$ cat structure10.txt   # compact mmCIF, C-alpha atoms and all ligand atoms
# COMPACT_ATOMS: atom_id res chain seq x y z
CA MET H 1 -19.61 -22.63 8.81
CA SER H 2 -19.63 -18.87 9.29
CA THR H 3 -17.80 -16.65 6.83
CA GLY H 4 -15.45 -14.02 8.13
CA LEU H 5 -14.28 -13.31 11.65
CA ALA H 6 -16.91 -12.66 14.29
CA PHE H 7 -16.07 -9.71 16.52
CA ASP H 8 -17.93 -11.39 19.36
CA ARG H 9 -17.22 -10.96 23.06
CA GLU H 10 -14.26 -13.32 23.09
CA MET H 11 -12.53 -11.81 20.03
CA SER H 12 -13.33 -8.25 21.15
CA SER H 13 -11.84 -8.79 24.57
CA ARG H 14 -8.73 -10.45 23.05
CA LEU H 15 -8.27 -7.39 20.85
CA GLU H 16 -8.94 -4.98 23.69
CA LYS H 17 -6.20 -6.64 25.72
CA GLN H 18 -3.84 -6.61 22.73
CA TYR H 19 -4.44 -2.89 22.12
CA THR H 20 -3.18 -2.02 25.61
CA ARG H 21 0.29 -3.45 24.84
CA PRO H 22 3.10 -0.91 24.35
CA ALA H 23 3.57 -1.78 20.65
CA MET H 24 -0.10 -1.09 19.95
CA VAL H 25 -0.07 2.07 22.04
CA LEU H 26 2.77 3.27 19.79
CA ARG H 27 0.78 2.34 16.68
CA ARG H 28 -2.14 4.36 18.02
CA ALA H 29 0.18 7.29 18.67
CA HIS H 30 1.30 6.99 15.02
CA ALA H 31 -2.37 7.09 13.89
CA LEU H 32 -3.07 10.07 16.13
CA ALA H 33 -0.03 11.98 14.87
CA LEU H 34 -1.16 11.47 11.27
CA ALA H 35 -4.78 12.37 12.05
CA ALA H 36 -3.70 15.49 14.01
CA PRO H 37 -7.16 16.29 15.47
CA LYS H 38 -7.66 19.99 16.21
CA LEU H 39 -9.76 21.62 18.90
CA GLY H 40 -13.36 22.04 17.75
CA GLU H 41 -13.20 19.54 14.87
CA ASP H 42 -15.92 17.00 14.08
CA VAL H 43 -14.49 13.52 13.62
CA LEU H 44 -15.85 10.13 12.55
CA ASP H 45 -14.17 6.85 13.55
CA VAL H 46 -15.50 4.11 11.25
CA GLY H 47 -15.29 0.69 12.93
CA SER H 48 -14.24 2.15 16.27
CA GLY H 49 -13.78 -1.28 17.89
CA PRO H 50 -12.94 -1.04 21.61
CA GLY H 51 -12.71 2.76 21.27
CA PHE H 52 -9.09 3.49 22.21
CA LEU H 53 -8.45 5.78 19.23
CA THR H 54 -11.97 7.22 19.54
CA ALA H 55 -11.19 8.30 23.11
CA ASP H 56 -7.82 9.79 22.06
CA LEU H 57 -9.54 11.73 19.26
CA ALA H 58 -12.16 13.00 21.72
CA ALA H 59 -9.38 14.34 23.93
CA GLY H 60 -7.85 15.99 20.86
CA VAL H 61 -10.97 17.84 19.67
CA GLY H 62 -12.01 19.00 23.14
CA GLU H 63 -15.50 19.80 24.31
CA ASP H 64 -16.17 22.19 21.41
CA GLY H 65 -15.61 19.35 18.97
CA SER H 66 -17.23 15.95 18.52
CA VAL H 67 -16.26 12.37 17.78
CA LEU H 68 -18.66 9.74 16.53
CA GLY H 69 -17.52 6.12 16.68
CA ILE H 70 -19.56 3.60 14.74
CA ASP H 71 -19.28 -0.17 14.70
CA GLN H 72 -21.35 -3.22 13.84
CA SER H 73 -20.32 -5.41 16.75
CA GLU H 74 -22.39 -5.28 19.90
CA ALA H 75 -19.43 -6.41 22.02
CA MET H 76 -17.18 -3.69 20.57
CA LEU H 77 -19.88 -1.03 20.97
CA SER H 78 -20.16 -1.86 24.63
CA LEU H 79 -16.36 -1.69 25.20
CA ALA H 80 -16.11 1.63 23.33
CA SER H 81 -19.08 3.18 25.14
CA GLU H 82 -17.50 2.37 28.48
CA ARG H 83 -14.07 3.66 27.40
CA CYS H 84 -15.44 6.93 25.99
CA ALA H 85 -17.93 7.62 28.81
CA VAL H 86 -15.60 10.20 30.36
CA TRP H 87 -15.68 12.32 27.17
CA PRO H 88 -19.02 14.11 26.65
CA GLN H 89 -17.97 15.02 23.09
CA ALA H 90 -17.75 11.31 22.12
CA ARG H 91 -20.72 9.26 20.92
CA ILE H 92 -20.67 5.56 20.11
CA GLU H 93 -23.39 4.20 17.83
CA GLU H 94 -24.23 1.13 15.87
CA GLY H 95 -23.54 1.71 12.20
CA ASP H 96 -22.33 0.20 8.97
CA ALA H 97 -19.36 1.51 6.99
CA ILE H 98 -21.27 1.17 3.71
CA ALA H 99 -24.27 3.25 4.86
CA LEU H 100 -23.10 6.00 7.21
CA GLY H 101 -26.33 7.98 7.01
CA GLY H 102 -26.62 11.63 8.06
CA GLU H 103 -25.79 14.81 6.21
CA ASP H 104 -23.14 15.24 3.56
CA GLY H 105 -19.94 17.12 4.43
CA ARG H 106 -20.38 17.12 8.19
CA PHE H 107 -16.95 15.83 9.28
CA ASP H 108 -13.53 17.51 9.21
CA LEU H 109 -11.73 14.20 9.68
CA VAL H 110 -12.58 10.52 9.15
CA VAL H 111 -10.38 7.73 10.51
CA SER H 112 -10.76 4.01 10.03
CA THR H 113 -8.08 1.67 11.31
CA GLN H 114 -8.06 -2.01 10.36
CA VAL H 115 -11.68 -2.02 9.27
CA LEU H 116 -12.02 -1.57 5.50
CA GLU H 117 -10.31 -4.89 4.80
CA TYR H 118 -13.36 -6.53 6.41
CA VAL H 119 -15.86 -4.67 4.23
CA ALA H 120 -16.71 -6.55 1.03
CA GLU H 121 -18.09 -3.41 -0.64
CA VAL H 122 -15.00 -1.40 0.19
CA ASP H 123 -15.45 1.11 -2.65
CA ARG H 124 -18.94 1.86 -1.42
CA ALA H 125 -17.54 2.48 2.09
CA LEU H 126 -14.90 4.83 0.64
CA ALA H 127 -17.58 6.72 -1.31
CA GLU H 128 -19.55 7.10 1.93
CA ILE H 129 -16.47 8.47 3.71
CA VAL H 130 -16.04 11.04 0.94
CA ARG H 131 -19.72 11.97 1.10
CA VAL H 132 -19.65 12.77 4.81
CA LEU H 133 -16.34 14.70 4.62
CA ARG H 134 -16.34 18.44 4.01
CA PRO H 135 -14.27 19.66 1.04
CA GLY H 136 -10.67 19.83 2.26
CA GLY H 137 -11.47 17.31 5.01
CA ARG H 138 -8.89 14.64 5.93
CA VAL H 139 -8.89 10.85 5.97
CA VAL H 140 -6.53 8.50 7.82
CA LEU H 141 -6.85 4.78 7.08
CA LEU H 142 -4.86 1.79 8.27
CA ALA H 143 -4.89 -1.61 6.55
CA SER H 144 -2.78 -4.77 6.87
CA ASP H 145 -1.19 -6.74 4.05
CA TRP H 146 -1.83 -10.32 5.18
CA ARG H 147 -0.14 -11.70 2.06
CA ALA H 148 3.20 -10.20 3.07
CA VAL H 149 3.50 -11.57 6.61
CA ALA H 150 6.97 -13.02 7.25
CA TRP H 151 6.44 -15.81 9.77
CA HIS H 152 9.09 -18.50 10.02
CA SER H 153 7.91 -22.10 10.14
CA SER H 154 9.62 -25.48 9.98
CA ASP H 155 6.87 -26.56 7.56
CA GLU H 156 6.31 -23.83 4.97
CA ALA H 157 3.61 -25.79 3.12
CA ARG H 158 1.57 -26.11 6.31
CA MET H 159 2.07 -22.41 7.10
CA ASP H 160 0.79 -21.58 3.59
CA ARG H 161 -2.29 -23.78 4.14
CA MET H 162 -3.01 -22.12 7.50
CA PHE H 163 -2.69 -18.69 5.92
CA SER H 164 -4.88 -19.55 2.96
CA ALA H 165 -7.60 -20.56 5.47
CA TRP H 166 -6.99 -17.37 7.49
CA GLU H 167 -7.55 -15.29 4.32
CA GLU H 168 -11.21 -16.23 4.65
CA HIS H 169 -11.40 -14.14 7.84
CA LEU H 170 -11.69 -10.96 5.81
CA ALA H 171 -12.78 -9.63 2.41
CA HIS H 172 -9.53 -7.98 1.23
CA PRO H 173 -6.35 -9.71 2.49
CA ALA H 174 -4.00 -7.36 0.60
CA LEU H 175 -5.99 -4.11 0.60
CA PRO H 176 -2.98 -1.72 0.87
CA ARG H 177 -1.92 -2.78 -2.65
CA THR H 178 -5.07 -1.33 -4.24
CA LEU H 179 -6.05 1.29 -1.68
CA GLY H 180 -4.21 4.20 -3.32
CA ARG H 181 -6.04 3.66 -6.62
CA ARG H 182 -9.38 3.15 -4.83
CA LEU H 183 -8.95 6.43 -2.91
CA ALA H 184 -8.14 8.32 -6.11
CA ASP H 185 -11.20 6.78 -7.80
CA VAL H 186 -13.54 8.25 -5.16
CA GLY H 187 -11.97 11.71 -5.40
CA LEU H 188 -9.46 11.67 -2.56
CA ALA H 189 -5.94 13.04 -3.00
CA VAL H 190 -3.46 10.75 -1.23
CA ASP H 191 -0.75 12.85 0.37
CA ARG H 192 1.05 10.31 2.52
CA ILE H 193 1.53 6.54 2.82
CA GLU H 194 3.45 5.19 5.80
CA ARG H 195 4.34 1.64 6.74
CA HIS H 196 3.96 0.58 10.34
CA SER H 197 5.92 -2.59 11.16
CA ILE H 198 5.10 -5.19 13.76
CA ILE H 199 8.22 -7.22 14.57
CA GLU H 200 8.17 -9.67 17.45
CA ARG H 201 10.76 -11.71 19.29
CA ALA H 202 10.50 -15.23 20.68
CA GLU H 203 10.17 -14.01 24.26
CA ASP H 204 7.25 -11.75 23.34
CA ARG H 205 4.64 -14.30 24.41
CA THR H 206 1.70 -11.94 24.81
CA GLY H 207 2.20 -10.13 21.50
CA TYR H 208 0.27 -9.95 18.25
CA SER H 209 1.72 -13.22 16.91
CA ALA H 210 0.77 -15.08 20.11
CA MET H 211 -2.79 -13.74 19.76
CA LEU H 212 -2.79 -14.82 16.10
CA VAL H 213 -1.73 -18.38 16.97
CA GLY H 214 -4.97 -18.69 18.96
CA ALA H 215 -7.14 -16.81 16.46
CA ILE H 216 -5.80 -18.50 13.31
CA GLY H 217 -5.75 -21.91 15.00
CA ASN H 218 -9.46 -21.65 15.91
CA PHE H 219 -10.50 -20.09 12.62
CA ALA H 220 -8.65 -22.44 10.26
CA VAL H 221 -10.02 -25.75 11.53
CA GLY H 222 -12.55 -27.09 9.01
CA ARG H 223 -11.46 -24.70 6.26
CA ARG H 224 -9.36 -25.66 3.23
CA GLY H 225 -9.20 -29.22 4.60
CA ILE H 226 -7.39 -28.22 7.81
CA SER H 227 -7.97 -30.64 10.66
CA GLU H 228 -7.75 -29.99 14.39
CA GLU H 229 -4.55 -32.08 14.46
CA GLU H 230 -2.93 -30.00 11.73
CA ALA H 231 -3.81 -26.72 13.44
CA THR H 232 -2.48 -28.05 16.76
CA ALA H 233 0.75 -29.20 15.11
CA TRP H 234 1.14 -25.75 13.50
CA ALA H 235 0.70 -24.01 16.86
CA GLY H 236 3.10 -26.51 18.49
CA ASP H 237 5.73 -25.75 15.85
CA GLN H 238 5.55 -22.06 16.71
CA GLU H 239 6.10 -22.86 20.37
CA ALA H 240 9.07 -25.10 19.50
CA LEU H 241 10.59 -22.34 17.34
CA ARG H 242 10.25 -19.88 20.21
CA GLU H 243 12.08 -22.34 22.46
CA SER H 244 14.87 -23.00 19.94
CA GLY H 245 15.40 -19.31 19.22
CA GLU H 246 14.39 -19.62 15.55
CA PHE H 247 11.18 -17.65 15.89
CA HIS H 248 10.56 -14.75 13.50
CA PHE H 249 7.37 -12.75 12.94
CA SER H 250 7.00 -9.49 11.08
CA MET H 251 4.24 -7.82 9.16
CA GLY H 252 3.43 -4.47 7.62
CA GLN H 253 0.41 -2.30 8.15
CA TYR H 254 -0.09 0.77 5.96
CA PHE H 255 -1.39 4.20 6.84
CA PHE H 256 -2.98 6.15 3.98
CA CYS H 257 -3.57 9.86 4.56
CA ALA H 258 -5.72 11.67 2.03
CA GLU H 259 -7.73 14.84 1.56
CA ARG H 260 -11.07 15.47 -0.08
CA ARG H 261 -10.46 17.63 -3.12
C1 LIG H 301 -9.71 -5.15 13.93
S1 LIG H 301 -11.03 -4.23 14.62
C2 LIG H 301 -10.33 -2.58 14.63
C3 LIG H 301 -10.99 -1.68 15.65
C4 LIG H 301 -10.47 -0.25 15.74
N1 LIG H 301 -10.64 0.49 14.52
C5 LIG H 301 -9.03 -0.20 16.18
O1 LIG H 301 -8.13 -0.01 15.36
O2 LIG H 301 -8.81 -0.35 17.38
C6 LIG H 301 -12.19 -4.14 13.28
C7 LIG H 301 -13.50 -3.49 13.66
O3 LIG H 301 -14.25 -3.19 12.47
C8 LIG H 301 -15.62 -3.41 12.72
N2 LIG H 301 -16.31 -3.56 11.43
C9 LIG H 301 -16.12 -4.52 10.51
N3 LIG H 301 -16.94 -4.32 9.45
C10 LIG H 301 -17.65 -3.19 9.72
C11 LIG H 301 -18.63 -2.45 9.02
N4 LIG H 301 -19.09 -2.85 7.82
N5 LIG H 301 -19.14 -1.34 9.58
C12 LIG H 301 -18.70 -0.93 10.81
N6 LIG H 301 -17.76 -1.59 11.52
C13 LIG H 301 -17.25 -2.70 10.98
C14 LIG H 301 -15.59 -4.66 13.60
O4 LIG H 301 -16.81 -4.85 14.29
C15 LIG H 301 -14.41 -4.36 14.50
O5 LIG H 301 -14.79 -3.65 15.66
$ encode --input "structure10.txt" --output "structure tokens" --more "lines below"
Ligand SMILES: C[S@@+](CC[C@H](N)C(=O)[O-])C[C@H]1O[C@@H](n2cnc3c(N)ncnc32)[C@H](O)[C@@H]1O
Amino acid sequence: MSTGLAFDREMSSRLEKQYTRPAMVLRRAHALALAAPKLGEDVLDVGSGPGFLTADLAAGVGEDGSVLGIDQSEAMLSLASERCAVWPQARIEEGDAIALGGEDGRFDLVVSTQVLEYVAEVDRALAEIVRVLRPGGRVVLLASDWRAVAWHSSDEARMDRMFSAWEEHLAHPALPRTLGRRLADVGLAVDRIERHSIIERAEDRTGYSAMLVGAIGNFAVGRRGISEEEATAWAGDQEALRESGEFHFSMGQYFFCAERR
């Protein structure tokens, strides 16, 4: 059994589709407002995924600036390269968050949205971000708290089992709780923390929760004793709750904005 979630072609294209939805466009606008790229700046996007934010940042820095998007997934690299092709100031390269390479202090801004929770050596990744930032440079990070998802179920024990299996999809399921301390430890001054909420309604059948039903359902089978039947019953319960009007899904994602001292 593989550990962690594979950002293969199927998962990457599910996420790409998800990121075009209005709620995710608004989340990206929130990230962009916090990052506030300026003309001529040099920016790094760690774990650029399908490259939506990378492309927005490229537009923000203009042709006198630069944006480098790095990712480990071949499928994501290909989506981002295609998306950013219209921006000559954007480059997409294979890279690892824990070994960014290149010169110290070469970026004005580093962003990384929903990536660090997947990196086992997260403190090493943060130290790398600090290394490549110039003094006074800015950081904008986004991480989810998977342990604080409010998702109604008619079988809470089964929901807990599904979520304990889903925790294996990443290295740090509750990263926002320790991120402030971790940032301070590597020499970053946190100047802002903002919560971004995802709240969905029963009729929102193409939303984040609908995507998660598929992703968690596939991922959980064979972990923590979860059978195919149990995962199917869990997904069926969600559908029934949508029909009966008892559906509720909400979760928090946290932006951390910091500056290199
Ligand atoms: C949930 S996606 C987020 C993508 C993008 N940042 C966004 O918000 O649209 C997580 C991404 O992190 C990448 N990733 C995970 N671990 C990584 C690592 N150690 N180095 C670089 N990228 C990594 C994955 O390949 C995937 O593209």
$ atom_distance --input "structure10.txt" --atom1 "atom CA of Arg181 of chain H" --atom2 "atom CA of Val140 of chain H"
15.2 Å
$ residues_around --input "structure10.txt" --residues "His169 of chain H" --least-positions-apart "4" --cutoff "9 Å" --atoms "all atoms listed in the file" --output "ChimeraX atom specification"
/H:3-6,118,165,173,216,219
$ residues_around --input "structure10.txt" --residues "segment 174-180 of chain H" --least-positions-apart "2" --cutoff "8 Å" --atoms "all atoms listed in the file" --output "NGL selection string"
:H and (117 or 143-147 or 172 or 182-184 or 190 or 254 or 256)
$ residues_near_ligand --input "structure10.txt" --ligand "ligand LIG 301 (chain H)" --cutoff "7 Å" --atoms "all atoms listed in the file" --output "list in words"
Phe7, Tyr19, Val46, Gly47, Ser48, Gly49, Pro50, Gly51, Phe52, Leu53, Ile70, Asp71, Gln72, Ser73, Met76, Gly95, Asp96, Ala97, Ile98, Ser112, Thr113, Gln114, Val115, Leu116, Tyr118 and Val119 of chain H
$ residues_around --input "structure10.txt" --residues "segment 127-135 of chain H" --least-positions-apart "3" --cutoff "10 Å" --atoms "only C-alpha atoms" --output "VMD selection string"
chain H and resid 42 to 44 46 97 to 112 122 to 124 138 to 139 182 to 183 185 to 188 259 to 261
$ closest_residue --input "structure10.txt" --among "H:Ala220, H:Ala85, H:Met11, H:Ala23" --to "His196 of chain H" --atoms "all atoms listed in the file"
H:Ala23
$ atom_distance --input "structure10.txt" --atom1 "atom CA of His248 of chain H" --atom2 "atom CA of Glu200 of chain H"
6.9 Å
$ closest_residue --input "structure10.txt" --among "H:Asp191, H:Glu63, H:Glu10, H:Glu230" --to "Ala157 of chain H" --atoms "only C-alpha atoms"
H:Glu230
$ atom_distance --input "structure10.txt" --atom1 "atom CA of Phe163 of chain H" --atom2 "atom CA of Arg27 of chain H"
23.9 Å
$ axis_aligned_box --input "structure10.txt" --around "segment 59-75 of chain H" --padding-each-side "6 Å" --output "AutoDock Vina command-line options"
--center_x -15.1 --center_y 7.9 --center_z 19.1 --size_x 26.5 --size_y 40.6 --size_z 22.5
$ decode --input "structure10.txt" --residues "segment 183-234 of chain H" --atoms "C-alpha atoms" --output "mmCIF file, in the first residue's frame"
data_model
loop_
_atom_site.group_PDB
_atom_site.id
_atom_site.type_symbol
_atom_site.label_atom_id
_atom_site.label_comp_id
_atom_site.auth_asym_id
_atom_site.auth_seq_id
_atom_site.Cartn_x
_atom_site.Cartn_y
_atom_site.Cartn_z
ATOM 1 C CA LEU H 183 7.768 30.023 11.584
ATOM 2 C CA ALA H 184 9.160 31.861 14.604
ATOM 3 C CA ASP H 185 11.740 29.080 15.121
ATOM 4 C CA VAL H 186 13.180 29.613 11.627
ATOM 5 C CA GLY H 187 13.393 33.391 12.062
ATOM 6 C CA LEU H 188 10.169 34.585 10.464
ATOM 7 C CA ALA H 189 8.021 37.259 12.094
ATOM 8 C CA VAL H 190 4.344 36.332 11.708
ATOM 9 C CA ASP H 191 2.324 39.473 11.083
ATOM 10 C CA ARG H 192 -1.044 38.056 10.114
ATOM 11 C CA ILE H 193 -3.089 34.855 10.457
ATOM 12 C CA GLU H 194 -6.414 34.624 8.649
ATOM 13 C CA ARG H 195 -8.969 31.842 8.547
ATOM 14 C CA HIS H 196 -10.539 30.956 5.229
ATOM 15 C CA SER H 197 -13.763 28.954 5.611
ATOM 16 C CA ILE H 198 -15.196 26.421 3.211
ATOM 17 C CA ILE H 199 -18.897 25.936 3.932
ATOM 18 C CA GLU H 200 -21.019 23.885 1.568
ATOM 19 C CA ARG H 201 -24.710 23.234 1.133
ATOM 20 C CA ALA H 202 -26.490 20.017 0.165
ATOM 21 C CA GLU H 203 -27.165 21.229 -3.377
ATOM 22 C CA ASP H 204 -23.484 21.999 -3.939
ATOM 23 C CA ARG H 205 -22.809 18.677 -5.648
ATOM 24 C CA THR H 206 -19.606 19.615 -7.437
ATOM 25 C CA GLY H 207 -17.940 21.247 -4.430
ATOM 26 C CA TYR H 208 -14.976 20.391 -2.236
ATOM 27 C CA SER H 209 -16.947 17.939 -0.077
ATOM 28 C CA ALA H 210 -18.212 16.074 -3.160
ATOM 29 C CA MET H 211 -14.614 15.787 -4.382
ATOM 30 C CA LEU H 212 -13.579 14.563 -0.927
ATOM 31 C CA VAL H 213 -16.235 11.835 -0.902
ATOM 32 C CA GLY H 214 -14.503 10.336 -3.952
ATOM 33 C CA ALA H 215 -10.954 10.973 -2.739
ATOM 34 C CA ILE H 216 -11.469 9.787 0.860
ATOM 35 C CA GLY H 217 -13.576 6.831 -0.277
ATOM 36 C CA ASN H 218 -10.792 5.585 -2.593
ATOM 37 C CA PHE H 219 -7.982 6.343 -0.185
ATOM 38 C CA ALA H 220 -9.497 4.829 2.969
ATOM 39 C CA VAL H 221 -10.230 1.336 1.648
ATOM 40 C CA GLY H 222 -7.687 -1.096 3.103
ATOM 41 C CA ARG H 223 -6.495 1.351 5.776
ATOM 42 C CA ARG H 224 -7.382 1.148 9.475
ATOM 43 C CA GLY H 225 -9.511 -1.920 8.693
ATOM 44 C CA ILE H 226 -11.889 -0.047 6.354
ATOM 45 C CA SER H 227 -13.549 -2.302 3.801
ATOM 46 C CA GLU H 228 -14.969 -1.374 0.415
ATOM 47 C CA GLU H 229 -18.466 -1.932 1.848
ATOM 48 C CA GLU H 230 -17.852 0.446 4.739
ATOM 49 C CA ALA H 231 -16.488 3.169 2.451
ATOM 50 C CA THR H 232 -19.453 2.737 0.097
ATOM 51 C CA ALA H 233 -21.905 2.926 3.000
ATOM 52 C CA TRP H 234 -20.174 6.114 4.234
#
